[in-house]
$ cat entry-v5.txt   # compact mmCIF, C-alpha atoms
# COMPACT_ATOMS: atom_id res chain seq x y z
CA MET A 1470 63.54 -96.57 151.99
CA LEU A 1471 62.44 -97.02 155.59
CA ALA A 1472 61.36 -93.96 157.54
CA GLN A 1473 64.21 -94.35 160.03
CA TYR A 1474 66.79 -93.97 157.26
CA LYS A 1475 64.92 -91.07 155.69
CA ASN A 1476 64.92 -89.37 159.08
CA TYR A 1477 68.62 -90.10 159.46
CA ILE A 1478 69.37 -88.37 156.14
CA GLU A 1479 67.18 -85.42 157.09
CA GLU A 1480 69.02 -85.14 160.42
CA VAL A 1481 72.36 -84.99 158.60
CA LEU A 1482 71.05 -82.43 156.14
CA GLU A 1483 69.62 -80.28 158.89
CA ILE A 1484 73.09 -79.84 160.35
CA ILE A 1485 74.91 -79.18 157.08
CA GLU A 1486 75.10 -75.49 156.31
CA THR A 1487 75.38 -75.05 152.60
CA ASP A 1488 73.48 -73.68 149.64
CA PRO A 1489 70.22 -75.39 148.56
CA LYS A 1490 71.72 -76.82 145.38
CA THR A 1491 74.58 -78.57 147.19
CA LYS A 1492 72.19 -79.77 149.87
CA GLU A 1493 70.03 -81.42 147.23
CA LYS A 1494 73.11 -83.08 145.76
CA ILE A 1495 74.07 -84.39 149.21
CA ARG A 1496 70.54 -85.66 149.79
CA GLN A 1497 70.72 -87.65 146.59
CA SER A 1498 74.18 -89.06 147.36
CA LEU A 1499 73.26 -89.97 150.93
CA THR A 1500 70.02 -91.64 149.86
CA GLU A 1501 71.89 -93.78 147.40
CA HIS A 1502 74.68 -94.49 149.87
CA VAL A 1503 72.34 -95.50 152.70
CA ASP A 1504 70.31 -97.59 150.26
CA ALA A 1505 73.46 -99.52 149.33
CA ILE A 1506 74.34 -100.08 153.00
CA VAL A 1507 70.81 -101.30 153.72
CA GLU A 1508 70.96 -103.59 150.73
CA ARG A 1509 74.20 -105.08 152.01
CA TYR A 1510 73.60 -105.28 155.73
CA GLY A 1511 69.80 -105.45 155.95
CA SER A 1512 68.47 -104.89 159.45
CA LEU A 1513 72.03 -104.34 160.77
CA ALA A 1514 72.53 -101.35 158.47
CA SER A 1515 71.98 -98.78 161.19
CA SER A 1516 75.08 -99.98 163.02
CA TYR A 1517 77.12 -99.13 159.92
CA LEU A 1518 75.91 -95.54 159.88
CA ASP A 1519 77.86 -92.88 161.74
CA GLU A 1520 76.24 -90.32 164.00
CA PRO A 1521 74.45 -87.66 161.89
CA GLU A 1522 76.57 -84.90 163.49
CA LYS A 1523 79.79 -86.67 162.54
CA VAL A 1524 78.69 -87.24 158.93
CA ALA A 1525 77.50 -83.64 158.60
CA MET A 1526 80.74 -82.23 160.01
CA GLU A 1527 82.82 -84.35 157.65
CA PHE A 1528 80.75 -83.13 154.70
CA MET A 1529 81.19 -79.51 155.74
CA ASP A 1530 84.90 -80.02 156.28
CA ASN A 1531 85.32 -81.37 152.80
CA LEU A 1532 82.96 -79.14 150.88
CA LYS A 1533 84.45 -76.11 149.24
CA THR A 1534 84.40 -73.26 151.72
CA ASP A 1535 82.69 -70.98 149.22
CA ASN A 1536 79.74 -73.36 149.17
CA VAL A 1537 79.36 -73.22 152.93
CA GLN A 1538 77.37 -70.29 154.12
CA LYS A 1539 78.67 -68.13 156.89
CA ASP A 1540 75.23 -67.67 158.42
CA VAL A 1541 72.64 -70.39 158.87
CA TYR A 1542 70.71 -69.36 155.77
CA GLU A 1543 71.14 -66.73 153.15
CA TYR A 1544 68.18 -64.57 154.02
CA PRO A 1545 66.35 -62.22 151.75
CA TRP A 1546 66.33 -58.57 152.85
CA TRP A 1547 62.79 -58.75 154.16
CA LEU A 1548 63.68 -61.21 156.85
CA LYS A 1549 65.55 -60.63 160.05
CA LYS A 1550 68.45 -62.89 160.90
CA ARG A 1551 67.32 -63.60 164.43
CA GLY A 1552 64.79 -65.82 166.16
CA ILE A 1553 63.04 -68.92 164.92
CA HIS A 1554 63.16 -69.16 161.17
CA ARG A 1555 61.76 -72.55 160.43
CA LYS A 1556 60.63 -75.51 162.43
CA ILE A 1557 58.75 -78.52 161.17
CA SER A 1558 57.60 -81.30 163.46
CA LYS A 1559 58.75 -84.79 162.56
CA LYS A 1560 55.64 -86.15 164.20
CA LYS A 1561 52.81 -86.42 161.73
CA ILE A 1562 49.06 -86.80 162.08
CA LEU A 1563 47.35 -88.09 158.93
CA ASN A 1564 50.59 -87.35 157.09
CA ILE A 1565 50.41 -83.70 158.18
CA PRO A 1566 53.22 -82.39 160.41
CA LEU A 1567 52.06 -81.70 163.94
CA TYR A 1568 53.40 -78.16 163.60
CA HIS A 1569 55.06 -76.08 160.95
CA ILE A 1570 56.47 -72.71 161.86
CA THR A 1571 58.11 -70.65 159.16
CA ASP A 1572 59.12 -67.11 158.43
CA GLY A 1573 58.07 -67.75 154.86
CA TYR A 1574 61.49 -68.56 153.51
CA ASN A 1575 62.48 -72.09 152.62
CA PRO A 1576 66.29 -72.22 152.62
CA GLU A 1577 66.29 -75.54 150.79
CA THR A 1578 64.48 -74.21 147.74
CA GLY A 1579 65.25 -70.53 148.23
CA GLU A 1580 61.57 -69.83 147.69
CA PHE A 1581 58.62 -68.60 149.66
CA GLU A 1582 56.87 -71.28 151.66
CA VAL A 1583 53.43 -71.63 153.17
CA ALA A 1584 53.20 -73.04 156.70
CA LYS A 1585 51.26 -76.28 156.45
CA GLY A 1586 50.66 -78.31 159.57
CA PHE A 1587 48.20 -79.34 162.20
CA PHE A 1588 49.34 -76.12 163.91
CA ALA A 1589 50.61 -73.76 161.25
CA ILE A 1590 52.29 -70.43 161.88
CA GLY A 1591 53.69 -68.29 159.12
CA PRO A 1592 53.11 -65.32 156.86
CA VAL A 1593 50.71 -67.57 154.98
CA ALA A 1594 49.44 -70.45 157.08
CA LEU A 1595 47.25 -73.39 156.29
CA GLY A 1596 46.34 -75.75 159.10
CA VAL A 1597 43.78 -77.12 161.45
CA VAL A 1598 44.78 -74.29 163.76
CA SER A 1599 46.51 -71.62 161.74
CA CYS A 1600 48.02 -68.30 162.60
CA GLY A 1601 49.58 -65.81 160.24
CA GLY A 1602 49.40 -62.80 158.01
CA ALA A 1603 46.94 -64.74 155.92
CA ALA A 1604 45.63 -67.80 157.71
CA THR A 1605 43.26 -70.51 156.66
CA GLY A 1606 42.10 -73.34 158.85
CA ILE A 1607 39.37 -74.81 160.96
CA ILE A 1608 40.37 -72.27 163.56
CA SER A 1609 42.40 -69.39 162.21
CA PHE A 1610 43.96 -66.20 163.50
CA GLY A 1611 45.53 -63.59 161.30
CA GLY A 1612 45.56 -60.35 159.43
CA ILE A 1613 43.31 -61.94 156.88
CA SER A 1614 41.83 -65.09 158.27
CA LEU A 1615 39.54 -67.66 156.80
CA GLY A 1616 38.17 -70.25 159.16
CA LEU A 1617 35.76 -73.10 159.03
CA LEU A 1618 34.75 -72.98 162.68
CA LEU A 1619 36.24 -69.78 163.99
CA SER A 1620 38.32 -67.00 162.60
CA LEU A 1621 39.88 -64.03 164.30
CA GLY A 1622 41.59 -61.23 162.49
CA GLY A 1623 41.66 -57.88 160.80
CA VAL A 1624 39.52 -59.28 158.06
CA SER A 1625 37.99 -62.53 159.11
CA VAL A 1626 35.59 -64.82 157.35
CA ALA A 1627 34.21 -68.07 158.77
CA LEU A 1628 31.43 -70.52 158.29
CA GLY A 1629 31.03 -70.62 162.05
CA GLY A 1630 32.02 -67.51 163.95
CA ALA A 1631 34.11 -64.58 162.79
CA ILE A 1632 35.60 -61.89 164.98
CA GLY A 1633 37.53 -58.97 163.54
CA GLY A 1634 37.69 -55.48 162.13
CA PHE A 1635 35.67 -56.73 159.24
CA ALA A 1636 33.95 -59.97 160.18
CA MET A 1637 31.81 -62.19 158.06
CA GLY A 1638 30.46 -65.28 159.74
CA GLY A 1639 27.91 -67.96 158.97
CA LEU A 1640 26.64 -68.34 162.50
CA PHE A 1641 27.85 -65.14 164.09
CA ALA A 1642 30.04 -62.18 163.35
CA LEU A 1643 31.54 -59.69 165.73
CA GLY A 1644 33.45 -56.66 164.58
CA GLY A 1645 33.66 -53.10 163.38
CA ALA A 1646 31.63 -54.23 160.44
CA ALA A 1647 29.89 -57.52 161.07
CA ILE A 1648 27.94 -59.43 158.49
CA SER A 1649 26.36 -62.73 159.29
CA TYR A 1650 23.68 -65.13 158.18
CA GLY A 1651 22.81 -65.53 161.86
CA LEU A 1652 23.89 -63.10 164.55
CA ALA A 1653 25.83 -59.93 163.84
CA PHE A 1654 27.28 -57.61 166.45
CA GLY A 1655 29.18 -54.49 165.47
CA GLY A 1656 29.40 -50.85 164.58
CA TYR A 1657 27.71 -51.87 161.39
CA ALA A 1658 25.82 -55.11 161.82
CA SER A 1659 23.93 -57.00 159.19
CA GLY A 1660 22.33 -60.35 159.86
CA HIS A 1661 19.21 -62.24 160.68
CA VAL A 1662 19.68 -60.71 164.12
CA ALA A 1663 21.72 -57.52 164.01
CA ILE A 1664 22.93 -55.61 167.02
CA GLY A 1665 24.93 -52.41 166.67
CA ASP A 1666 24.95 -48.75 165.78
CA VAL A 1667 23.86 -49.24 162.22
CA THR A 1668 21.82 -52.39 161.79
CA GLU A 1669 20.22 -54.32 158.99
CA GLY A 1670 18.22 -57.40 159.78
CA LYS A 1671 14.85 -58.94 160.44
CA TYR A 1672 15.59 -58.63 164.12
CA PHE A 1673 17.69 -55.67 165.19
CA PHE A 1674 18.77 -53.70 168.22
CA HIS A 1675 20.21 -50.20 168.17
CA ILE A 1676 22.72 -49.88 170.96
CA LYS A 1677 22.57 -46.09 171.15
CA THR A 1678 18.79 -45.69 171.09
CA GLY A 1679 17.92 -48.97 172.71
CA GLU A 1680 15.31 -49.59 170.05
CA GLY A 1681 14.66 -52.81 168.20
CA ASN A 1682 12.86 -56.12 168.16
CA ALA A 1683 15.87 -58.38 168.63
CA ILE A 1684 14.76 -59.06 172.19
CA GLU A 1685 11.86 -61.13 170.80
CA TRP A 1686 14.25 -63.37 168.95
CA PHE A 1687 16.40 -63.82 172.04
CA LYS A 1688 13.36 -64.56 174.16
CA ARG A 1689 12.31 -67.26 171.70
CA TYR A 1690 15.64 -68.89 170.97
CA MET A 1691 17.95 -67.94 173.83
CA PRO A 1692 15.63 -67.47 176.80
CA TYR A 1693 18.48 -68.10 179.23
CA LEU A 1694 20.10 -64.86 178.03
CA THR A 1695 17.01 -62.71 178.33
CA ARG A 1696 16.86 -63.02 182.09
CA TYR A 1697 19.51 -60.30 182.14
CA PHE A 1698 17.50 -57.99 179.83
CA LYS A 1699 15.21 -55.35 181.27
CA MET B 35 93.63 -98.53 161.33
CA ILE B 36 95.85 -95.59 160.36
CA ASP B 37 92.92 -93.63 159.03
CA ILE B 38 92.63 -91.32 162.01
CA ASN B 39 96.25 -90.28 161.63
CA ILE B 40 95.93 -89.01 158.09
CA ARG B 41 95.57 -85.27 158.09
CA LYS B 42 92.61 -83.83 156.24
CA GLU B 43 94.76 -82.00 153.64
CA LEU B 44 96.78 -85.12 152.91
CA LYS B 45 93.79 -87.46 152.98
CA SER B 46 91.85 -85.44 150.43
CA GLY B 47 94.70 -85.69 147.91
CA VAL B 48 95.26 -89.38 148.61
CA VAL B 49 91.60 -90.24 148.27
CA GLU B 50 91.23 -88.23 145.09
CA LEU B 51 94.03 -90.16 143.45
CA ALA B 52 92.68 -93.45 144.79
CA ILE B 53 89.23 -92.69 143.37
CA LEU B 54 90.62 -91.85 139.96
CA SER B 55 92.76 -94.97 139.97
CA LEU B 56 89.72 -97.14 140.71
CA LEU B 57 87.57 -95.40 138.14
CA LYS B 58 90.28 -95.94 135.54
CA GLU B 59 89.73 -99.67 136.05
CA ARG B 60 85.94 -99.58 135.77
CA ASP B 61 82.88 -97.41 136.34
CA MET B 62 81.70 -97.47 139.95
CA TYR B 63 79.01 -95.94 142.17
CA GLY B 64 79.73 -94.05 145.40
CA TYR B 65 79.37 -96.80 147.95
CA GLU B 66 81.27 -99.21 145.72
CA ILE B 67 84.21 -96.79 145.55
CA SER B 68 84.41 -96.39 149.33
CA ASN B 69 84.13 -100.15 149.77
CA GLU B 70 86.81 -100.85 147.23
CA ILE B 71 89.22 -98.39 148.88
CA ASP B 72 88.51 -100.06 152.23
CA LYS B 73 89.20 -103.48 150.77
CA ARG B 74 92.34 -102.62 148.85
CA SER B 75 93.84 -100.70 151.75
CA SER B 76 93.02 -103.60 154.11
CA ASN B 77 90.71 -101.24 156.00
CA ARG B 78 93.53 -98.79 156.70
CA LEU B 79 92.15 -96.02 154.53
CA ASN B 80 88.56 -95.62 155.57
CA VAL B 81 86.69 -93.27 153.24
CA LYS B 82 83.38 -92.13 154.67
CA GLU B 83 80.60 -90.50 152.70
CA GLY B 84 81.44 -87.06 154.08
CA THR B 85 84.85 -87.25 152.41
CA LEU B 86 83.95 -89.26 149.33
CA TYR B 87 81.06 -87.27 147.89
CA PRO B 88 82.54 -83.77 148.18
CA ILE B 89 85.58 -85.08 146.26
CA LEU B 90 83.32 -86.65 143.64
CA TYR B 91 81.40 -83.35 143.32
CA ARG B 92 84.66 -81.44 142.82
CA LEU B 93 86.02 -83.89 140.27
CA GLU B 94 82.74 -83.79 138.36
CA GLU B 95 82.73 -80.01 138.45
CA LYS B 96 86.24 -79.98 137.00
CA GLU B 97 84.98 -82.45 134.34
CA VAL B 98 87.61 -84.95 135.42
CA ILE B 99 84.86 -87.50 135.93
CA GLU B 100 81.27 -87.73 134.73
CA SER B 101 78.26 -89.56 136.06
CA TYR B 102 75.33 -91.47 134.68
CA TRP B 103 72.47 -93.47 136.17
CA LYS B 104 72.28 -97.19 135.72
CA ALA B 105 70.32 -99.97 137.40
CA LEU B 106 72.31 -103.07 138.24
CA ASP B 107 71.59 -105.73 135.57
CA GLY B 108 68.86 -103.43 134.34
CA ARG B 109 66.85 -104.13 137.51
CA GLY B 110 66.44 -102.59 140.92
CA LYS B 111 67.14 -99.02 141.94
CA PRO B 112 69.31 -97.07 139.53
CA ARG B 113 72.65 -95.91 140.89
CA LYS B 114 74.85 -93.02 139.99
CA TYR B 115 77.95 -94.42 138.32
CA TYR B 116 81.09 -92.40 137.78
CA ARG B 117 83.66 -92.71 135.00
CA VAL B 118 86.82 -90.87 134.05
CA THR B 119 86.54 -88.44 131.13
CA SER B 120 89.22 -87.78 128.52
CA ILE B 121 90.23 -84.68 130.53
CA GLY B 122 90.32 -86.96 133.58
CA ASP B 123 92.67 -89.35 131.80
CA ARG B 124 95.32 -86.67 131.42
CA TYR B 125 94.62 -85.34 134.90
CA PHE B 126 95.06 -88.79 136.41
CA TYR B 127 98.37 -89.55 134.70
CA SER B 128 99.89 -86.21 135.61
CA TYR B 129 98.57 -86.54 139.20
CA LYS B 130 100.01 -90.05 139.46
CA GLU B 131 103.34 -88.83 138.12
CA GLU B 132 103.37 -85.97 140.64
CA TRP B 133 102.51 -88.38 143.42
CA PHE B 134 105.47 -90.63 142.70
CA VAL B 135 107.83 -87.68 142.36
CA VAL B 136 106.62 -86.07 145.60
CA SER B 137 106.58 -89.33 147.54
CA ASN B 138 110.15 -90.07 146.41
CA ILE B 139 111.28 -86.58 147.42
CA MET B 140 109.52 -86.87 150.77
CA ARG B 141 111.01 -90.31 151.40
CA ASP B 142 114.48 -88.93 150.76
CA ILE B 143 113.86 -85.99 153.05
CA LEU B 144 112.24 -87.96 155.84
CA ILE B 145 114.69 -90.87 155.75
CA GLY B 146 117.56 -88.37 155.65
CA GLU B 147 116.09 -86.69 158.72
CA GLU B 148 115.89 -90.02 160.55
CA GLU B 149 119.54 -90.83 159.71
CA GLU B 150 120.65 -87.42 160.98
CA CYS B 151 118.86 -88.09 164.23

$ encode --input "entry-v5.txt" --output "structure tokens"
Amino acid sequence: MLAQYKNYIEEVLEIIETDPKTKEKIRQSLTEHVDAIVERYGSLASSYLDEPEKVAMEFMDNLKTDNVQKDVYEYPWWLKKRGIHRKISKKKILNIPLYHITDGYNPETGEFEVAKGFFAIGPVALGVVSCGGAATGIISFGGISLGLLLSLGGVSVALGGAIGGFAMGGLFALGGAAISYGLAFGGYASGHVAIGDVTEGKYFFHIKTGEGNAIEWFKRYMPYLTRYFK
Amino acid sequence: MIDINIRKELKSGVVELAILSLLKERDMYGYEISNEIDKRSSNRLNVKEGTLYPILYRLEEKEVIESYWKALDGRGKPRKYYRVTSIGDRYFYSYKEEWFVVSNIMRDILIGEEEEC
């Protein structure tokens, strides 16, 4: 089926307020119905399809009222019934939605869902740029965040840079406790170059005492920074 | 087209009986049913998907009809065909009977009303 017809069906389904099981039934019926119209009318098929709103309203009018939900979705207790619940971009990049925002509840399946998109926001998010309770991505922000390039969060781990309460980064880490293969800045800092109150590293600098040999490393590799050092 | 003048409550009953009548003749899939109703009513009773499928769901739930998947001539995309069950047989005949009785009563009432006027 062509994308335009798939989108048409999705548009209708988006408007229909009913339980997930009935929605799935409608999806199947509509797919078959539209397929038959396309088979009969070919490229003119779209002119034989009513407006999505009209089709959806007719469905809702004719469905048993006990199947139609009073609220938009039947929400589990842990979710509020206000605000944005779920939004998925129709635009896709490399077959990934441009954005996917979710509160973690998929009303179509009735199950928990992970936000997956180029920009992903949700309790659990997976994306190029992701944000959430637990977020994974190239750039990620979250309570627990795992990033390839950069991560920011309570607990953050990244191959590149990590910033957070507990930060573990390949290149650099900045946080209450910072552990890095390269540079580490933090209350507790452990790395090749460690700067903080408690430090572990080949090159270190104690902030309180002002002692350490880290300045040598900076002078060698980042001379442009050392001009500000005494 | 008189379609727009048929009230929802009345239309649902009319379409339900029409569907059963067609399925008594032969097994059909959704689009075929709506097309056949269009054709036989000379496009006066236009049954859209939003009306057709909820009725089919209800009839199937009541076990008046049942469905099965079949590809046309064994080729192409399979379609969901509907057929009347043995329960549906009895349901159809009693519904048809009721329809004739009610339509006769209503004709008497309505024609009587016109004559009085």

$ interface_residues --input "entry-v5.txt" --of "chain B" --to "chain A" --cutoff "10 Å" --atoms "only C-alpha atoms" --output "ChimeraX atom specification"
/B:42-43,46,63-66,68,82-89,91-92,111-114

$ residues_around --input "entry-v5.txt" --residues "Gly1638 in chain A" --least-positions-apart "6" --cutoff "9 Å" --atoms "all atoms listed in the file" --output "list in words"
Leu1619, Ser1620, Ser1625, Val1626, Ala1627, Leu1628, Gly1629, Gly1630, Ala1631, Ile1632, Ala1647, Ile1648, Ser1649, Tyr1650, Gly1651, Leu1652 and Ala1653 of chain A

$ atom_distance --input "entry-v5.txt" --atom1 "CA of Phe1654 in chain A" --atom2 "CA of Met1637 in chain A"
10.6 Å

$ residues_around --input "entry-v5.txt" --residues "Lys96 in chain B" --least-positions-apart "5" --cutoff "12 Å" --atoms "all atoms listed in the file" --output "PyMOL selection string"
chain B and resi 89-91+118-122+125

$ atom_distance --input "entry-v5.txt" --atom1 "CA of Tyr1517 in chain A" --atom2 "CA of Asn1476 in chain A"
15.6 Å

$ atom_distance --input "entry-v5.txt" --atom1 "CA of Lys1475 in chain A" --atom2 "CA of Glu1493 in chain A"
13.8 Å

$ axis_aligned_box --input "entry-v5.txt" --around "range 1650-1662 of chain A" --padding-each-side "3 Å" --output "AutoDock Vina command-line options"
--center_x 24.3 --center_y -58.2 --center_z 162.3 --size_x 16.2 --size_y 20.7 --size_z 14.3

$ residues_near_point --input "entry-v5.txt" --point "(53.2, -77.0, 159.1)" --cutoff "7 Å" --atoms "all atoms listed in the file" --output "list in words"
Ile1557, Pro1566, Leu1567, Tyr1568, His1569, Ile1570, Ala1584, Lys1585, Gly1586, Phe1587, Phe1588, Ala1589 and Gly1596 of chain A

$ closest_residue --input "entry-v5.txt" --among "B:Tyr115, B:Tyr129, B:Lys73, B:Trp103" --to "Ser55 in chain B" --atoms "all atoms listed in the file"
B:Tyr129

$ residues_around --input "entry-v5.txt" --residues "Thr1668 in chain A" --least-positions-apart "2" --cutoff "9 Å" --atoms "all atoms listed in the file" --output "list in words"
Ala1653, Phe1654, Gly1655, Gly1656, Tyr1657, Ala1658, Ser1659, Gly1660, Val1662, Ala1663, Ile1664, Gly1665, Asp1666, Gly1670, Phe1673, Phe1674 and His1675 of chain A

$ write_last_selection --input "entry-v5.txt" --atoms "C-alpha atoms" --output "mmCIF file, keeping the file's coordinate frame"
data_model
loop_
_atom_site.group_PDB
_atom_site.id
_atom_site.type_symbol
_atom_site.label_atom_id
_atom_site.label_comp_id
_atom_site.auth_asym_id
_atom_site.auth_seq_id
_atom_site.Cartn_x
_atom_site.Cartn_y
_atom_site.Cartn_z
ATOM 1 C CA ALA A 1653 25.830 -59.930 163.840
ATOM 2 C CA PHE A 1654 27.280 -57.610 166.450
ATOM 3 C CA GLY A 1655 29.180 -54.490 165.470
ATOM 4 C CA GLY A 1656 29.400 -50.850 164.580
ATOM 5 C CA TYR A 1657 27.710 -51.870 161.390
ATOM 6 C CA ALA A 1658 25.820 -55.110 161.820
ATOM 7 C CA SER A 1659 23.930 -57.000 159.190
ATOM 8 C CA GLY A 1660 22.330 -60.350 159.860
ATOM 9 C CA VAL A 1662 19.680 -60.710 164.120
ATOM 10 C CA ALA A 1663 21.720 -57.520 164.010
ATOM 11 C CA ILE A 1664 22.930 -55.610 167.020
ATOM 12 C CA GLY A 1665 24.930 -52.410 166.670
ATOM 13 C CA ASP A 1666 24.950 -48.750 165.780
ATOM 14 C CA GLY A 1670 18.220 -57.400 159.780
ATOM 15 C CA PHE A 1673 17.690 -55.670 165.190
ATOM 16 C CA PHE A 1674 18.770 -53.700 168.220
ATOM 17 C CA HIS A 1675 20.210 -50.200 168.170
#

$ closest_residue --input "entry-v5.txt" --among "B:Lys130, B:Glu94, B:Ser76, B:Tyr116" --to "Gly47 in chain B" --atoms "all atoms listed in the file"
B:Lys130

$ closest_residue --input "entry-v5.txt" --among "A:Gly1611, A:Arg1555, A:Arg1689, A:Leu1618" --to "Gly1633 in chain A" --atoms "all atoms listed in the file"
A:Gly1611
